[in-house]
$ cat work-v3.cif   # mmCIF, C-alpha atoms
data_structure
#
loop_
_atom_site.label_atom_id
_atom_site.label_comp_id
_atom_site.auth_asym_id
_atom_site.auth_seq_id
_atom_site.Cartn_x
_atom_site.Cartn_y
_atom_site.Cartn_z
CA MET A 176 3.09 3.55 6.55
CA LEU A 177 1.10 0.67 5.14
CA ARG A 178 2.89 -1.69 7.50
CA SER A 179 2.09 0.61 10.40
CA LEU A 180 -1.57 0.76 9.41
CA VAL A 181 -1.85 -2.99 8.97
CA GLY A 182 0.21 -3.60 12.10
CA SER A 183 -1.85 -1.11 14.04
CA GLU A 184 -5.19 -2.53 13.11
CA MET A 185 -4.43 -6.24 13.00
CA CYS A 186 -1.72 -6.91 15.53
CA ILE A 187 -0.86 -3.92 17.59
CA ARG A 188 -4.19 -2.37 18.42
CA ASP A 189 -5.79 -5.73 19.19
CA ARG A 190 -2.84 -7.16 21.07
CA PHE A 191 -0.66 -4.28 22.23
CA GLN A 192 -3.46 -1.84 23.08
CA ASN A 193 -4.41 -3.61 26.30
CA ASN A 194 -0.81 -3.93 27.42
CA ASP A 195 0.46 -0.59 26.14
CA PRO A 196 -2.27 2.07 25.97
CA ARG A 197 0.32 4.83 26.31
CA TYR A 198 1.82 4.09 22.90
CA PHE A 199 -0.98 2.16 21.16
CA GLY A 200 -4.19 3.40 22.81
CA SER A 201 -5.56 4.89 19.58
CA LEU A 202 -4.76 4.78 15.89
CA GLY A 203 -3.05 8.18 16.07
CA GLU A 204 -0.87 7.13 18.99
CA ALA A 205 -0.02 3.90 17.17
CA PHE A 206 1.05 5.85 14.06
CA LEU A 207 3.16 8.21 16.15
CA SER A 208 4.71 5.32 18.07
CA LEU A 209 5.56 3.42 14.90
CA PHE A 210 7.00 6.59 13.38
CA ARG A 211 9.25 6.82 16.45
CA VAL A 212 10.23 3.18 15.92
CA MET A 213 10.89 3.79 12.22
CA THR A 214 13.13 6.79 12.96
CA VAL A 215 14.83 4.84 15.77
CA ASP A 216 13.87 7.52 18.29
CA GLN A 217 13.88 5.66 21.62
CA TRP A 218 12.28 2.70 19.90
CA SER A 219 13.67 0.24 22.41
CA GLU A 220 11.50 1.79 25.12
CA ILE A 221 8.37 0.99 23.12
CA MET A 222 9.64 -2.49 22.28
CA TYR A 223 10.53 -3.38 25.89
CA VAL A 224 7.09 -2.34 27.14
CA ASN A 225 5.59 -4.90 24.78
CA ILE A 226 8.19 -7.57 25.43
CA TYR A 227 8.08 -7.44 29.24
CA GLY A 228 4.66 -5.89 29.88
CA CYS A 229 3.71 -2.43 31.05
CA THR A 230 3.96 -3.30 34.76
CA ASN A 231 7.71 -3.79 34.49
CA GLU A 232 8.50 -1.02 32.01
CA TYR A 233 6.25 1.99 32.66
CA THR A 234 7.70 4.73 34.80
CA PRO A 235 5.83 5.66 38.00
CA VAL A 236 4.45 8.70 36.18
CA ASP A 237 2.92 6.48 33.46
CA ALA A 238 1.88 3.62 35.73
CA HIS A 239 -1.78 4.73 35.71
CA TYR A 240 -1.94 3.81 31.98
CA CYS A 241 -1.15 0.17 32.75
CA LYS A 242 -4.54 -1.52 33.28
CA ASN A 243 -4.13 -4.97 31.68
CA PRO A 244 -0.45 -5.90 31.80
CA GLU A 245 0.53 -8.54 29.31
CA SER A 246 3.93 -9.41 27.88
CA PHE A 247 4.44 -10.65 24.34
CA GLY A 248 8.07 -11.64 24.65
CA PHE A 249 9.69 -12.96 21.50
CA LEU A 250 6.73 -12.00 19.26
CA ALA A 251 7.05 -8.30 20.15
CA GLY A 252 10.80 -8.39 19.67
CA VAL A 253 10.48 -9.96 16.22
CA TYR A 254 7.80 -7.45 15.21
CA PHE A 255 9.72 -4.35 16.29
CA ILE A 256 13.14 -5.47 15.04
CA SER A 257 11.72 -6.47 11.65
CA PHE A 258 9.85 -3.15 11.51
CA VAL A 259 13.07 -1.19 12.18
CA LEU A 260 15.02 -3.16 9.56
CA ILE A 261 12.36 -2.93 6.85
CA ALA A 262 11.59 0.73 7.52
CA GLY A 263 15.32 1.54 7.57
CA VAL A 264 15.89 -0.10 4.20
CA LEU A 265 12.88 1.69 2.71
CA VAL A 266 13.94 5.08 4.02
CA LEU A 267 17.51 4.54 2.82
CA ASN A 268 16.25 3.51 -0.63
CA MET A 269 14.07 6.62 -0.84
CA MET A 270 17.02 8.85 0.08
CA VAL A 271 19.26 7.20 -2.50
CA ALA A 272 16.52 7.53 -5.13
CA ALA A 273 16.05 11.22 -4.35
CA ILE A 274 19.79 11.88 -4.60
CA THR A 275 20.06 9.90 -7.84
CA VAL A 276 17.14 11.74 -9.43
CA SER A 277 18.55 15.14 -8.48
CA MET A 278 22.01 14.21 -9.79
CA ASP A 279 20.50 12.98 -13.08
CA THR A 280 18.55 16.21 -13.42
CA ILE A 281 21.68 18.29 -12.83
CA ALA A 282 23.67 16.19 -15.32
CA GLN A 283 20.94 16.62 -17.95
CA ASP A 284 20.91 20.39 -17.38
CA ILE A 285 24.70 20.60 -17.74
CA ASN A 286 24.61 18.48 -20.91
CA LYS A 287 21.85 20.65 -22.35
CA GLN A 288 23.80 23.84 -21.58
CA HIS A 289 26.93 22.33 -23.13
CA LEU A 290 25.03 21.29 -26.26
CA ASP A 291 23.46 24.74 -26.53
CA LYS A 292 26.92 26.37 -26.35
CA THR A 293 28.31 23.91 -28.91
CA ASP A 294 25.43 24.68 -31.29
CA GLU A 295 26.09 28.43 -30.93
CA HIS A 296 29.79 28.04 -31.82
CA PRO A 297 30.17 25.22 -34.37
CA GLY A 298 33.69 24.18 -35.23
CA GLU A 299 35.20 25.43 -31.94
CA ASP A 300 36.91 23.14 -29.47
CA SER A 301 34.17 22.16 -27.04
CA SER A 302 36.54 22.25 -24.06
CA LYS A 303 36.97 26.03 -24.62
CA LEU A 304 33.21 26.50 -24.20
CA LEU A 305 33.21 25.35 -20.58
CA ASP A 306 33.52 27.87 -17.79
CA PRO A 307 36.54 27.41 -15.47
CA GLU A 308 34.55 25.54 -12.80
CA GLN A 309 33.11 23.09 -15.32
CA SER A 310 36.54 22.64 -16.86
CA ARG A 311 38.03 21.78 -13.44
CA ALA A 312 35.17 19.32 -12.83
CA VAL A 313 35.86 17.64 -16.18
CA ASP A 314 39.59 17.45 -15.36
CA ARG A 315 38.84 15.92 -11.94
CA HIS A 316 36.51 13.44 -13.58
CA LYS A 317 39.25 12.44 -16.03
CA GLU A 318 41.73 12.05 -13.15
CA VAL A 319 39.33 9.83 -11.24
CA LEU A 320 38.75 7.69 -14.34
CA LEU A 321 42.50 7.35 -14.84
CA MET A 322 42.99 6.35 -11.18
CA LEU A 323 40.16 3.80 -11.45
CA ARG A 324 41.71 2.29 -14.56
CA GLU A 325 45.08 2.02 -12.81
CA LEU A 326 43.41 0.47 -9.78
CA GLU A 327 41.59 -1.99 -12.04
CA ASP A 328 44.91 -3.00 -13.63
CA LYS A 329 46.48 -3.52 -10.20
CA ILE A 330 43.53 -5.60 -9.01
CA GLU A 331 43.69 -7.75 -12.13
CA GLN A 332 47.42 -8.29 -11.59
CA GLN A 333 46.85 -9.24 -7.94
CA THR A 334 44.07 -11.61 -8.96
CA ARG A 335 46.42 -13.31 -11.43
CA ASP A 336 49.11 -13.54 -8.73
CA ILE A 337 46.66 -15.05 -6.24
CA LYS A 338 45.45 -17.60 -8.79
CA GLN A 339 49.04 -18.51 -9.60
CA LEU A 340 49.89 -18.95 -5.90
CA GLN A 341 46.76 -21.03 -5.39
CA HIS A 342 47.73 -23.21 -8.34
CA GLU A 343 51.24 -23.64 -6.91
CA LEU A 344 49.86 -24.56 -3.49
CA ASP A 345 47.48 -27.10 -4.99
CA THR A 346 50.30 -28.86 -6.86
#
$ encode --input "work-v3.cif" --output "structure tokens"
Amino acid sequence: MLRSLVGSEMCIRDRFQNNDPRYFGSLGEAFLSLFRVMTVDQWSEIMYVNIYGCTNEYTPVDAHYCKNPESFGFLAGVYFISFVLIAGVLVLNMMVAAITVSMDTIAQDINKQHLDKTDEHPGEDSSKLLDPEQSRAVDRHKEVLLMLRELEDKIEQQTRDIKQLQHELDT
């Protein structure tokens, strides 16, 4: 949002407002337009109006908005494409962070429940304290770890084979 505010006030409103009052006529319209660009909702329409000018890109219904047609060409393309890429990375990072935090919270809750059960029944096998669903999850986790270890061994063997072949080809 900071980029949209800075872009709106410095670049877009001063430059794009005259060419594209439909999307950048006011600060609110600029925010909404940049939100559309960030979510990749028909963003190319907004970009092309600023690349080629409103005369060429506005529909006949919107033609009355076009008062001072001006095209920004490469500059508009660079701005919008960089905005989409940066906003996409930020949104993706926020989603990954939210998922990671929720998974960590769930893992901490499960560990706490497991420790509470272990404290209630000292000396018992801790695997007997898990409910059937948790026990299946632990078994699946162990299977995945075993498969990953086997895969790691195979990759290491293939790496050794490739290095040996490379050495033979070099000599």
$ atom_distance --input "work-v3.cif" --atom1 "CA of Asn243 (chain A)" --atom2 "CA of Ala262 (chain A)"
29.4 Å
$ atom_distance --input "work-v3.cif" --atom1 "CA of Met278 (chain A)" --atom2 "CA of Glu308 (chain A)"
17.2 Å
$ atom_distance --input "work-v3.cif" --atom1 "CA of Gln333 (chain A)" --atom2 "CA of Lys317 (chain A)"
24.4 Å
$ closest_residue --input "work-v3.cif" --among "A:Leu320, A:Val313, A:Met222, A:Ile330" --to "Phe255 (chain A)" --atoms "only C-alpha atoms"
A:Met222
$ residues_around --input "work-v3.cif" --residues "Glu232 (chain A)" --least-positions-apart "6" --cutoff "9 Å" --atoms "all atoms listed in the file" --output "PyMOL selection string"
chain A and resi 220+223-225+238
$ resolve_selection --input "work-v3.cif" --expression "the PyMOL selection byres ((chain A and resi 208) around 10)" --output "list in words"
Ser179, Arg197, Tyr198, Phe199, Leu202, Gly203, Glu204, Ala205, Phe206, Leu207, Leu209, Phe210, Arg211, Val212, Met213, Thr214, Asp216, Gln217, Trp218 and Ile221 of chain A
$ closest_residue --input "work-v3.cif" --among "A:Leu340, A:Ile226, A:Val215, A:Leu326" --to "Gly252 (chain A)" --atoms "all atoms listed in the file"
A:Ile226
$ resolve_selection --input "work-v3.cif" --expression "the PyMOL selection byres ((chain A and resi 242) around 9)" --output "PyMOL selection string"
chain A and resi 193-196+229-230+238-241+243-244
$ axis_aligned_box --input "work-v3.cif" --around "region 226-238 of chain A" --padding-each-side "5 Å" --output "JSON"
{"center_x": 5.2, "center_y": 0.6, "center_z": 31.7, "size_x": 16.6, "size_y": 26.3, "size_z": 22.6}
